[in-house]
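Following: one structure in structure tokens, then a few remarks.
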Amino acid sequence: MARRVSLFVTCIVDQLFPQIGMAMAEVLERLGFAVAFPQAQTCCGQPAFNSGYRQEARQVARHFLEVFENCESIVVPSGSCTSMVVHHYAELFADEPRTRSRAVSLAARVHEFSSFLTEVAGVEDVGARFEDVVTFHDGCHALRELGIRSAPRRLLANVRGLELRELEPREECCGFGGTFSVKFGELSGAMARGKAEAIIQTGAKTVVSLDPSCLMQIQGALSRAGLSIRTLHLAEVLASR
Amino acid sequence: MSLEFDSKIHKTLADARLQQAIYTATGRFKDARLKVVAQDVLPEYQELRAQANALKKHTIDHLDHYLEQFQSQVEAHGGKVVFCQDAAAVADFVLTLAKERGARLIVKSKSMTTEEIDLNERLEHHGLEAVETDFGEYILQLARERPYHIVAPALHKTRYDVAEIFEQRLHIANETVIEKQAAIARAALREKFLAADIGISGANFLVADSGAVVIVENEGNARLATSAPRTHIAIAGIEKLIPRAQDLATFLKLLARSATGQPLSVYTSFLSGPRREGEIDGPDEFYVVLLDNGRTRLLENPARRQSLYCIRCGACLNACPVYRKIGGHSFPWVYSGPIGAILTPQFMGAAHEPGLPFASSLCGACAEVCPVKIDIPKVLLELRADAPHNRWESLAFRVFAWLMRHPRAYELAGRVAASLVSSEGVRWIRSAPGLLNFGPIRAWLAERDLPPPPAHTFRELWRRR
Amino acid sequence: MTSRETILQRVRAGLGRSAGQTVPDPPAVRIQVAEVDKETKIASLLARVEALAGRAVRAATPAEACEIVREVLGKRSAVASNAPYLEECGVTGLPGVRCGITDREELRKACAAADVGITSADYALADTGTLVMLSSPHEARLISLLPPTHVAVIPASRILSGLDELFTILPEPAAVTSSMVLITGPSRTADIEQILVRGVHGPGEITIVVVG
């Protein structure tokens with residue numbers, strides 16, 4: 001029997017980048033997973049949490065718990081949203097022991113997409129072909145809160161026709177940061193331009209990342225600068241053949 | 001965010017020379033640190049961090065005990081400990097002592113703690129001459145500026161800036177060679193060291209079992225300030241304590257590596273009391289001022305207490321993508337960068353600059369390099385939760401939380417919002433129609449393009465499969 | 001209430017502790033003394049000092065050390081500390097070297113005027129190229145600080161592997177001295193444009209002579 005996974009596509013993918021969610025589903029199905037999409041899902045609550053609205057974040061987190069509580073494995077196309085559930089829910093419910101233990105038990109079943117493939121599914125070659133020179137942007141939460149460094153690179157290394165060129169500096173923030181991107185718009189924009197320059201230096205035609213929000217920030221800056229470099233989520237690269 | 005904060009950020013971002021200077025300097029520190037903490041160079045690095053964190057946690061959690069032990073040890077070695085609640089108390093103490101000793105000239109070595117309490121200004125106000133002797137600090141004192149960086153105070157100054165400052169303040173024209181500028185400072189300050197009645201230093205560590213003050217530096221000015229004058233006053237925050245001299249085997253391996261990438265700084269002084277019987281030189285009097293100045297306020301919350309573990313290495317500044325863009329003087333107080341963003345609201349109150357805890361993308365680079373493992377992003381998040389919330393924003397987040405609990409309403413709201421933006425579906429959006437061009441959308445579009453709303457949301461596509 | 005009492009009370013209130021409440025042992029000291037043989041330690045010390053732009057030389061005998069110091073001094077004036085080891089080596093008898101000063105003012109003036117300060121050192125740390133100087137009747141602070149050049153002569157037997165061995169031998173430095181200074185290379189600053197300048201306050205030149 002095919003193993004079952006549930007998608008948490010995140011609100012940003014649902015509303016702005018549905019193709020990322022579809023690509024993720026396609027890759028998972030190709031690997032033989034039975035993919036479900038719980039229809040009542042919305043958001044993980046991170047925007048409220050990161051802006052200091054803990055009460056509101058708790059409300060959204062509770063909804064998330066209710067929607068996903070009975071799912072076996074939950075796969076997320078975002079390091080940042082995964083980290084919100086995995087690291088911050090427990091803290092958010094520090095004063096509610098019962099909800100907290102539900103959150104902790106759920107957290108163990110929530111996986112960022114690339115690390116789900118390499119660590120849970122045990123797959124490094126999904127049989128993709130993508131003829132292009134790409135660079136990879138490490139989203140900060142995937143990198144530093146989840147410790148994801150090698151998983152996406154191992155997956156990219158097995159994509160036929162793909163050449164990966166690393167960024168220099170490699171692990172610098174793109175400047176998105178949720179509401180930071182609009183509260184400190186000029187600063188965030190300057191950080192995005194720094195990232196864009198590093199991307200140009202690699203000569204890559206495509207920027208790949210695990211986080212749709214980083215990609216929105218980076219694509220926004222590239223597009224504003226009139227550059228034809230495109231951004232893609234890892235799932236989109238892995239889905240192509 | 002205050003207008004002042006915003007305009008300082010804007011000014012720094014617009015200054016191409018300054019941008020280059022900050023980026024290059026912090027980049028060098030960053031690379032130098034990486035080299036000396038690398039796995040093959042210092043395999044025990046992560047263990048040292050864990051030990052330093054455990055030691056600091058233990059000390060801060062039992063701070064009263066260590067303060068008392070420190071005091072009794074200083075006294076046992078013939079020194080005196082002075083507890084001060086705030087800036088005025090420190091200035092009072094120094095002024096009274098200076099008066100009793102007939103002192104006029106004070107030499108100072110670099111100390112963030114004395115910057116914090118504007119000690120020089122207070123002393124000068126009462127007719128004392130207090131001279132900064134660290135090369136960078138000396139230049140800044142002449143220029144009447146505060147440090148730009150915890151470790152490299154004059155990071156933003158070029159040799160030409162220094163030449164101008166020397167011309168204006170010392171009437172030395174046209175000296176743009178850095179070695180010669182340093183020689184000028186050396187000569188001027190040498191006279192001060194030999195004539196000074198009192199030397200004031202900070203402290204990198206206070207060692208409880210020894211009653212000792214530990215000072216780490218590269219130039220030798222702290223050694224001079226603590227050896228030449230008859231009176232040495234060390235001024236330090238109460239959080240600088242560590243339990244034992246032997247713990248320096250942990251902290252000294254981390255401090256200089258994290259700060260400048262040196263395995264050890266040039267000079268590490270371990271000073272415990274005035275000179276002893278038979279010692280030919282050294283101070284006759286040894287005072288340690290233990291300063292509160294808001295620190296005790298941080299102790300109540302165990303999660304935030306860790307802010308007091310900081311050993312002022314500056315590594316978080318060099319790692320911070322925000323500091324590397326907005327520099328040190330954009331920050332509202334003497335402590336800049338990530339550590340400044342958590343210390344300032346806690347020492348000075350949130351009202352000092354309400355925007356400060358929000359001026360971070362929460363990328364976590366600071367926590368990654370912190371030698372004592374302060375979880376700066378976590379503290380930032382806590383401070384954000386405490387911050388006074390704007391009325392419109394509060395309303396927006398209430399609406400957000402409601403929508404996110406009501407999937408149908410959420411879906412409808414998303415479609416309505418998408419329909420307001422005319423979309424050809426492919427090109428990214430460069431400007432929004434007047435009605436929509438406000439608040440966050442306006443702020444986003446000022447810098448970047450927005451993705452066009454797709455024809456269908458993911459859930460619509462999924463239903464159609 | 002005095003400031004001391006106020007602060008201690010605030011600390012206790014914040015921590016939820018009461019006066020005199022017991023304290024658990026701090027985390028165990030983390031010290032791991034590496035076993036390093038003598039020749040490796042000497043080689044490491046010499047290499048580290050040279051890497052710091054200091055000069056490090058090895059002498060087979062005290063007499064040879066004295067010749068090295070004579071060469072370093074050239075025609076320059078020097079102040080030597082009262083370390084018995086310097087006298088043993090014959091360094092204090094070299095021309096132009098003042099020694100035996102026990103008065104503070106006299107020492108200050110001598111150091112401010114001298115070209116070179118000559119000391120021994122209580123220990124040296126092999127892995128960082130560091131001199132460890134304890135203030136005592138034998139070693140004054142200003143000799144290694146005021147003159148633009150510092151020369152230190154030490155027997156090889158005093159070279160320790162590093163900080164961990166130092167704090168094993170000397171767990172409580174305050175019990176033996178009011179001042180312990182670790183010196184790692186020449187005085188330096190990079191405050192302006194990260195351009196390295198040596199000798200900004202302390203000695204810009206340092207020579208270490210290892211004997212044995």
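Convention: chains lettered A, B, ... in structure tokens order; per-chain residue numbering from 1; ligands numbered from 1 as shown.
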(request) Please identify every residue of chain B that has at least one atom no more than 8 Å from any atom of chain A, counting only C-alpha atoms, and report them as a ChimeraX atom specification. (result) /B:9-10,13,321-322,325-326,358-365,368,381-387,394,397-398,401,404-405,407,410,414,428,430,440-441,443-444,446-454,456-459,461-462
Taking N, CA and C atoms for each residue, export the selection above as a short mmCIF file (atom, residue, chain, number, x, y, z; two decimals), in the first residue's frame.
data_model
loop_
_atom_site.label_atom_id
_atom_site.label_comp_id
_atom_site.auth_asym_id
_atom_site.auth_seq_id
_atom_site.Cartn_x
_atom_site.Cartn_y
_atom_site.Cartn_z
N ILE B 9 18.86 55.18 8.99
CA ILE B 9 19.00 54.02 8.11
C ILE B 9 19.11 54.49 6.66
N HIS B 10 18.22 55.38 6.29
CA HIS B 10 18.20 55.89 4.92
C HIS B 10 19.54 56.54 4.56
N LEU B 13 22.28 53.87 4.13
CA LEU B 13 22.10 53.10 2.90
C LEU B 13 22.48 53.92 1.67
N PRO B 321 23.26 40.69 8.63
CA PRO B 321 23.04 41.37 7.36
C PRO B 321 22.43 42.77 7.54
N VAL B 322 21.76 42.98 8.68
CA VAL B 322 21.20 44.30 8.94
C VAL B 322 22.31 45.27 9.36
N LYS B 325 24.39 46.57 6.66
CA LYS B 325 23.79 47.58 5.78
C LYS B 325 23.63 48.92 6.51
N ILE B 326 23.19 48.87 7.77
CA ILE B 326 22.83 50.14 8.42
C ILE B 326 23.91 50.65 9.37
N PHE B 358 12.12 45.10 15.84
CA PHE B 358 11.53 44.70 14.56
C PHE B 358 12.51 44.86 13.40
N ALA B 359 13.64 45.50 13.68
CA ALA B 359 14.62 45.76 12.61
C ALA B 359 15.50 44.54 12.38
N SER B 360 14.88 43.41 12.17
CA SER B 360 15.62 42.18 11.97
C SER B 360 14.81 41.24 11.10
N SER B 361 15.50 40.55 10.19
CA SER B 361 14.80 39.57 9.37
C SER B 361 14.74 38.22 10.09
N LEU B 362 15.23 38.18 11.32
CA LEU B 362 15.25 36.94 12.12
C LEU B 362 15.99 35.83 11.40
N CYS B 363 17.10 36.21 10.76
CA CYS B 363 17.82 35.21 9.97
C CYS B 363 18.63 34.27 10.85
N GLY B 364 18.96 34.71 12.07
CA GLY B 364 19.63 33.80 13.01
C GLY B 364 21.14 33.71 12.86
N ALA B 365 21.72 34.54 11.97
CA ALA B 365 23.18 34.49 11.80
C ALA B 365 23.89 34.88 13.10
N GLU B 368 24.11 31.98 15.53
CA GLU B 368 25.02 30.97 15.01
C GLU B 368 26.48 31.26 15.40
N LEU B 381 12.02 38.07 19.47
CA LEU B 381 10.60 37.69 19.35
C LEU B 381 9.86 38.01 20.65
N GLU B 382 10.50 37.78 21.77
CA GLU B 382 9.87 38.10 23.06
C GLU B 382 9.65 39.61 23.19
N LEU B 383 10.66 40.36 22.78
CA LEU B 383 10.54 41.82 22.88
C LEU B 383 9.45 42.34 21.94
N ARG B 384 9.31 41.69 20.80
CA ARG B 384 8.23 42.08 19.87
C ARG B 384 6.87 41.82 20.51
N ALA B 385 6.78 40.69 21.22
CA ALA B 385 5.50 40.37 21.85
C ALA B 385 5.15 41.41 22.92
N ASP B 386 6.17 41.98 23.53
CA ASP B 386 5.96 42.99 24.58
C ASP B 386 5.72 44.38 24.03
N ALA B 387 6.12 44.61 22.81
CA ALA B 387 6.12 45.96 22.25
C ALA B 387 4.70 46.51 22.18
N SER B 394 -2.92 45.96 14.94
CA SER B 394 -3.62 45.03 15.84
C SER B 394 -4.90 44.54 15.19
N PHE B 397 -4.18 42.08 12.41
CA PHE B 397 -3.84 40.73 12.85
C PHE B 397 -5.03 40.00 13.47
N ARG B 398 -5.95 40.78 14.03
CA ARG B 398 -7.17 40.10 14.52
C ARG B 398 -7.98 39.55 13.35
N ALA B 401 -6.17 36.49 12.01
CA ALA B 401 -6.36 35.28 12.82
C ALA B 401 -7.77 34.71 12.62
N MET B 404 -7.92 33.01 9.18
CA MET B 404 -7.16 31.77 9.11
C MET B 404 -7.83 30.63 9.88
N ARG B 405 -8.80 30.98 10.68
CA ARG B 405 -9.55 29.93 11.36
C ARG B 405 -10.83 29.58 10.61
N PRO B 407 -11.64 28.72 6.93
CA PRO B 407 -11.10 28.45 5.59
C PRO B 407 -11.94 29.00 4.45
N TYR B 410 -11.46 32.69 4.34
CA TYR B 410 -10.08 32.91 3.90
C TYR B 410 -9.99 32.78 2.37
N GLY B 414 -9.19 35.82 -0.26
CA GLY B 414 -8.06 35.73 -1.18
C GLY B 414 -8.47 36.03 -2.60
N TRP B 428 5.42 40.30 -13.54
CA TRP B 428 5.34 40.74 -12.15
C TRP B 428 4.90 42.20 -12.11
N ARG B 430 4.57 46.02 -11.17
CA ARG B 430 5.50 47.08 -10.80
C ARG B 430 4.82 48.18 -9.98
N PRO B 440 1.46 48.21 3.43
CA PRO B 440 2.47 47.20 3.09
C PRO B 440 2.70 47.05 1.59
N ILE B 441 1.64 47.16 0.80
CA ILE B 441 1.80 46.98 -0.64
C ILE B 441 2.67 48.09 -1.22
N ALA B 443 4.88 49.82 0.48
CA ALA B 443 6.24 49.63 0.97
C ALA B 443 6.97 48.54 0.17
N TRP B 444 6.23 47.49 -0.17
CA TRP B 444 6.85 46.41 -0.96
C TRP B 444 7.21 46.93 -2.35
N ALA B 446 7.78 49.81 -3.41
CA ALA B 446 8.81 50.85 -3.48
C ALA B 446 10.16 50.23 -3.81
N GLU B 447 10.33 48.96 -3.49
CA GLU B 447 11.64 48.34 -3.66
C GLU B 447 11.64 47.18 -4.65
N ARG B 448 10.51 46.48 -4.74
CA ARG B 448 10.47 45.22 -5.48
C ARG B 448 9.16 45.11 -6.25
N ASP B 449 9.15 44.18 -7.21
CA ASP B 449 7.90 43.88 -7.91
C ASP B 449 7.13 42.82 -7.13
N LEU B 450 5.83 42.77 -7.37
CA LEU B 450 4.96 41.80 -6.69
C LEU B 450 4.55 40.70 -7.67
N PRO B 451 4.43 39.49 -7.17
CA PRO B 451 3.96 38.43 -8.08
C PRO B 451 2.51 38.68 -8.47
N PRO B 452 2.16 38.38 -9.71
CA PRO B 452 0.76 38.53 -10.13
C PRO B 452 -0.07 37.43 -9.47
N PRO B 453 -1.30 37.74 -9.04
CA PRO B 453 -2.10 36.67 -8.46
C PRO B 453 -2.41 35.64 -9.54
N PRO B 454 -2.29 34.37 -9.22
CA PRO B 454 -2.51 33.33 -10.24
C PRO B 454 -4.00 33.23 -10.58
N HIS B 456 -5.76 30.65 -10.56
CA HIS B 456 -6.41 29.75 -9.59
C HIS B 456 -5.50 29.53 -8.40
N THR B 457 -6.11 29.42 -7.23
CA THR B 457 -5.32 29.09 -6.05
C THR B 457 -4.98 27.61 -6.10
N PHE B 458 -4.09 27.21 -5.18
CA PHE B 458 -3.74 25.80 -5.14
C PHE B 458 -4.96 24.95 -4.86
N ARG B 459 -5.78 25.41 -3.91
CA ARG B 459 -6.90 24.52 -3.55
C ARG B 459 -7.89 24.38 -4.71
N LEU B 461 -6.98 24.39 -7.91
CA LEU B 461 -6.34 23.44 -8.82
C LEU B 461 -6.48 22.01 -8.29
N TRP B 462 -6.35 21.87 -6.98
CA TRP B 462 -6.41 20.53 -6.38
C TRP B 462 -7.79 19.92 -6.55
#
Using only C-alpha atoms, tabulate the residues of chain C lying at most 7 Å from any atom of chain B, each with its closest atom pair and that distance in Å to one decimal, by chain and increasing residue number, as a tab-separated table.
residue	atom	partner	partner_atom	distance
C:Ser3	CA	B:Phe83	CA	5.7
C:Arg4	CA	B:Phe83	CA	5.0
C:Ile7	CA	B:Gln85	CA	6.9
C:Leu8	CA	B:Asp64	CA	5.9
C:Arg10	CA	B:Thr296	CA	6.1
C:Val11	CA	B:Thr296	CA	5.6
C:Arg12	CA	B:Asp64	CA	6.4
C:Gly14	CA	B:Glu300	CA	4.2
C:Leu15	CA	B:Leu299	CA	6.0
C:Val23	CA	B:His62	CA	6.8
C:Pro26	CA	B:His58	CA	6.2
C:Pro27	CA	B:Leu55	CA	6.2
C:Val29	CA	B:Asp247	CA	6.2
C:Arg30	CA	B:Thr250	CA	6.8
C:Ile31	CA	B:Ala249	CA	6.8
C:Thr102	CA	B:Ile280	CA	5.8
C:Asp103	CA	B:Ile280	CA	6.4
C:Arg104	CA	B:Ile280	CA	5.5
C:Thr128	CA	B:Pro263	CA	6.6
C:Ser135	CA	B:Glu279	CA	6.6
C:Ser136	CA	B:Glu279	CA	4.8
C:Pro137	CA	B:Glu279	CA	4.6
C:Ala140	CA	B:Ile280	CA	5.7
C:Arg141	CA	B:Asp281	CA	6.4
C:Leu163	CA	B:Ala249	CA	5.7
C:Asp164	CA	B:Ala249	CA	5.7
C:Phe167	CA	B:Gln246	CA	5.5
C:Pro171	CA	B:Gln246	CA	5.9
C:Glu172	CA	B:Ala245	CA	6.2
C:Ala174	CA	B:Ser210	CA	5.6
C:Ser178	CA	B:Ser272	CA	4.7
C:Ser179	CA	B:Leu271	CA	4.6
C:Met180	CA	B:Phe270	CA	5.0
C:Val181	CA	B:Ser269	CA	4.5
C:Leu182	CA	B:Thr268	CA	5.0
C:Ile183	CA	B:Tyr267	CA	4.9
C:Thr184	CA	B:Val266	CA	4.4
C:Gly185	CA	B:Val266	CA	5.8
C:Pro186	CA	B:Val266	CA	6.9
C:Ser187	CA	B:Glu219	CA	4.9
C:Arg188	CA	B:Glu219	CA	5.0
C:Thr189	CA	B:Glu219	CA	5.8
C:Asp191	CA	B:Gly136	CA	5.3
C:Ile192	CA	B:Thr158	CA	6.1
C:Glu193	CA	B:Thr158	CA	5.9
C:Gln194	CA	B:Ala25	CA	6.9
C:Val197	CA	B:Glu179	CA	5.9
C:Val200	CA	B:Arg186	CA	5.8
C:His201	CA	B:Gly220	CA	5.2
C:Gly202	CA	B:Gly220	CA	4.7
Residue selection dump (C-alpha atoms) as a PDB file, in the first residue's frame:
ATOM      1  CA  SER C   3      23.720  50.881  46.784  1.00  0.00           C
ATOM      2  CA  ARG C   4      25.287  47.527  47.488  1.00  0.00           C
ATOM      3  CA  ILE C   7      21.587  46.029  43.973  1.00  0.00           C
ATOM      4  CA  LEU C   8      21.951  42.708  45.764  1.00  0.00           C
ATOM      5  CA  ARG C  10      17.240  43.587  43.187  1.00  0.00           C
ATOM      6  CA  VAL C  11      19.360  40.724  41.948  1.00  0.00           C
ATOM      7  CA  ARG C  12      17.817  38.337  44.465  1.00  0.00           C
ATOM      8  CA  GLY C  14      14.834  39.067  40.009  1.00  0.00           C
ATOM      9  CA  LEU C  15      16.275  35.600  40.472  1.00  0.00           C
ATOM     10  CA  VAL C  23      24.499  27.652  45.305  1.00  0.00           C
ATOM     11  CA  PRO C  26      29.263  25.498  38.878  1.00  0.00           C
ATOM     12  CA  PRO C  27      29.771  23.316  35.777  1.00  0.00           C
ATOM     13  CA  VAL C  29      36.092  23.205  34.923  1.00  0.00           C
ATOM     14  CA  ARG C  30      36.895  22.357  31.332  1.00  0.00           C
ATOM     15  CA  ILE C  31      40.634  21.852  31.149  1.00  0.00           C
ATOM     16  CA  THR C 102      63.706  48.925  42.824  1.00  0.00           C
ATOM     17  CA  ASP C 103      62.252  52.435  42.999  1.00  0.00           C
ATOM     18  CA  ARG C 104      59.021  53.073  41.103  1.00  0.00           C
ATOM     19  CA  THR C 128      49.671  30.663  20.853  1.00  0.00           C
ATOM     20  CA  SER C 135      54.355  40.930  38.429  1.00  0.00           C
ATOM     21  CA  SER C 136      56.815  40.504  41.316  1.00  0.00           C
ATOM     22  CA  PRO C 137      59.935  42.088  42.817  1.00  0.00           C
ATOM     23  CA  ALA C 140      58.078  45.011  36.944  1.00  0.00           C
ATOM     24  CA  ARG C 141      55.164  45.723  34.585  1.00  0.00           C
ATOM     25  CA  LEU C 163      46.192  27.989  28.404  1.00  0.00           C
ATOM     26  CA  ASP C 164      44.925  24.722  29.880  1.00  0.00           C
ATOM     27  CA  PHE C 167      45.601  27.232  34.548  1.00  0.00           C
ATOM     28  CA  PRO C 171      44.743  27.598  39.208  1.00  0.00           C
ATOM     29  CA  GLU C 172      44.637  30.787  41.271  1.00  0.00           C
ATOM     30  CA  ALA C 174      45.744  35.926  42.421  1.00  0.00           C
ATOM     31  CA  SER C 178      48.534  41.157  41.699  1.00  0.00           C
ATOM     32  CA  SER C 179      49.068  41.090  37.945  1.00  0.00           C
ATOM     33  CA  MET C 180      49.436  38.333  35.411  1.00  0.00           C
ATOM     34  CA  VAL C 181      49.810  39.434  31.816  1.00  0.00           C
ATOM     35  CA  LEU C 182      49.737  37.242  28.737  1.00  0.00           C
ATOM     36  CA  ILE C 183      51.652  38.795  25.857  1.00  0.00           C
ATOM     37  CA  THR C 184      50.972  37.410  22.403  1.00  0.00           C
ATOM     38  CA  GLY C 185      53.065  39.205  19.823  1.00  0.00           C
ATOM     39  CA  PRO C 186      53.828  42.874  19.341  1.00  0.00           C
ATOM     40  CA  SER C 187      51.344  45.624  20.218  1.00  0.00           C
ATOM     41  CA  ARG C 188      49.024  46.244  17.290  1.00  0.00           C
ATOM     42  CA  THR C 189      46.028  48.156  16.078  1.00  0.00           C
ATOM     43  CA  ASP C 191      41.417  50.567  13.983  1.00  0.00           C
ATOM     44  CA  ILE C 192      41.655  52.572  10.765  1.00  0.00           C
ATOM     45  CA  GLU C 193      40.745  50.823   7.518  1.00  0.00           C
ATOM     46  CA  GLN C 194      41.890  47.524   9.051  1.00  0.00           C
ATOM     47  CA  VAL C 197      50.040  49.078  12.638  1.00  0.00           C
ATOM     48  CA  VAL C 200      50.830  51.732  18.828  1.00  0.00           C
ATOM     49  CA  HIS C 201      51.216  51.771  22.629  1.00  0.00           C
ATOM     50  CA  GLY C 202      53.184  48.744  23.738  1.00  0.00           C
TER      51      GLY C 202
END
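You will find CA of Val75 (chain A) at 25.2 Å from CA of Pro377 (chain B).
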(request) Any chance you could list, as number ranges by chain, the residues in chain A that come up strand (DSSP E) when DSSP is run on the backbone? (result) A: 4-7, 34-36, 74-76, 110-112, 129-137, 160-164, 206-209, 230-233
Find the spatial neighbours of Thr113 (chain B), counting only C-alpha atoms, within a cut-off of 10 Å - ignore same-chain residues fewer than 6 positions away - and output them as a compact mmCIF listing (two decimals) with all heavy atoms, in the first residue's frame.
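Everything below was put into out.txt:
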# COMPACT_ATOMS: atom_id res chain seq x y z
N ALA B 87 24.46 55.81 36.12
CA ALA B 87 25.54 56.65 35.60
C ALA B 87 25.96 57.72 36.60
O ALA B 87 27.15 57.95 36.82
CB ALA B 87 25.08 57.30 34.29
N LEU B 119 30.47 58.60 30.71
CA LEU B 119 31.34 59.00 31.83
C LEU B 119 32.24 60.18 31.47
O LEU B 119 32.37 61.12 32.27
CB LEU B 119 32.20 57.80 32.27
CG LEU B 119 33.03 58.05 33.52
CD1 LEU B 119 32.14 58.29 34.74
CD2 LEU B 119 33.97 56.87 33.79
N SER B 201 39.58 51.66 33.47
CA SER B 201 39.44 50.61 32.46
C SER B 201 38.04 50.02 32.56
O SER B 201 37.31 50.26 33.51
CB SER B 201 40.47 49.50 32.71
OG SER B 201 40.07 48.73 33.83
N GLY B 202 37.71 49.22 31.58
CA GLY B 202 36.52 48.37 31.70
C GLY B 202 36.98 47.03 32.22
O GLY B 202 38.03 46.93 32.88
N ALA B 203 36.22 45.99 31.92
CA ALA B 203 36.63 44.64 32.27
C ALA B 203 35.94 43.69 31.31
O ALA B 203 34.76 43.84 31.03
CB ALA B 203 36.22 44.30 33.69
N ILE B 235 35.63 49.69 35.72
CA ILE B 235 34.17 49.88 35.75
C ILE B 235 33.54 48.79 34.90
O ILE B 235 33.85 48.65 33.71
CB ILE B 235 33.79 51.27 35.22
CG1 ILE B 235 34.44 52.35 36.10
CG2 ILE B 235 32.27 51.45 35.19
CD1 ILE B 235 34.24 53.77 35.61
N ALA B 236 32.67 48.01 35.52
CA ALA B 236 32.11 46.86 34.80
C ALA B 236 30.66 46.63 35.20
O ALA B 236 30.26 46.91 36.33
CB ALA B 236 32.93 45.61 35.11
N GLY B 237 29.90 46.10 34.27
CA GLY B 237 28.53 45.68 34.58
C GLY B 237 28.56 44.46 35.49
O GLY B 237 29.50 43.66 35.42
N LEU B 291 28.41 48.02 38.16
CA LEU B 291 27.31 48.87 37.70
C LEU B 291 26.04 48.06 37.40
O LEU B 291 26.11 47.02 36.75
CB LEU B 291 27.75 49.60 36.42
CG LEU B 291 26.71 50.50 35.76
CD1 LEU B 291 26.39 51.72 36.63
CD2 LEU B 291 27.19 50.94 34.39
N ASN B 293 22.67 49.85 36.36
CA ASN B 293 22.19 50.61 35.20
C ASN B 293 21.18 49.84 34.34
O ASN B 293 21.28 49.81 33.11
CB ASN B 293 23.39 51.03 34.32
CG ASN B 293 23.08 52.27 33.51
OD1 ASN B 293 22.40 53.18 34.00
ND2 ASN B 293 23.54 52.33 32.28
N VAL B 334 24.47 53.03 22.51
CA VAL B 334 25.88 52.64 22.30
C VAL B 334 26.06 51.22 21.81
O VAL B 334 27.04 50.92 21.14
CB VAL B 334 26.72 52.82 23.58
CG1 VAL B 334 26.92 54.29 23.86
CG2 VAL B 334 26.08 52.14 24.78
N TYR B 335 25.14 50.33 22.17
CA TYR B 335 25.27 48.96 21.72
C TYR B 335 24.55 48.82 20.39
O TYR B 335 23.36 49.10 20.30
CB TYR B 335 24.70 47.99 22.75
CG TYR B 335 25.45 48.05 24.07
CD1 TYR B 335 24.87 48.60 25.21
CD2 TYR B 335 26.75 47.56 24.16
CE1 TYR B 335 25.56 48.67 26.41
CE2 TYR B 335 27.45 47.62 25.36
CZ TYR B 335 26.86 48.18 26.48
OH TYR B 335 27.55 48.23 27.66
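Computed from the coordinates, the CA of Val35 (chain A) to CA of Ser115 (chain A) distance equals 17.0 Å.
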(message) If I take CA of Ile206 (chain C) and CA of Val132 (chain C), how far is one from the other in Å, to one decimal?
(response)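 These atoms are spaced 13.8 Å apart.
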(request) Go through C:Ala34, C:Ala47, C:Val151, C:Ala190 and flag the residue nearest Val72 (chain C), using only C-alpha atoms for the distances. (result) C:Val151
(request) Mind checking which residues fall within 8 Å of region 79-92 of chain C, counting only C-alpha atoms, ignoring those fewer than 3 positions away in the same chain, and posting them as a list of chain:residue names? (result)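 So, after excluding close chain neighbours, the residues are C:Pro62, C:Ala63, C:Ala65, C:Cys66, C:Val69, C:Arg70, C:Val97, C:Arg98, C:Cys99, C:Gly100, C:Ile101, C:Ala110, C:Cys111, C:Ala114, C:Val116, C:Gly117, C:Ile118, C:Thr119, C:Ser120, C:Pro137, C:His138, C:Glu139, C:Ala140, C:Ile143, C:Val153, C:Ile154.
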(request) Please identify which residues in region 75-211 of chain A DSSP calls helix (DSSP H, G or I) from the backbone, and express them as a ChimeraX atom specification. (result) /A:79-92,97-107,113-120,140-145,150-157,180-183,185-202
(request) Have a look at C:Thr2, C:Ser144, C:Ser157, C:Gln32 and name the one nearest to Glu205 (chain C); count only C-alpha atoms. (result) C:Ser144
(request) Write out as a ChimeraX atom specification each polymer residue whose atoms come within 10 Å of region 146-156 of chain A, counting only C-alpha atoms; drop sequence neighbours fewer than 2 positions from it. (result) /A:79-80,82-83,86-87,111-119,123-130,134,136,138-144,158-160,162-164,166,171,208-210,234-235,237-238
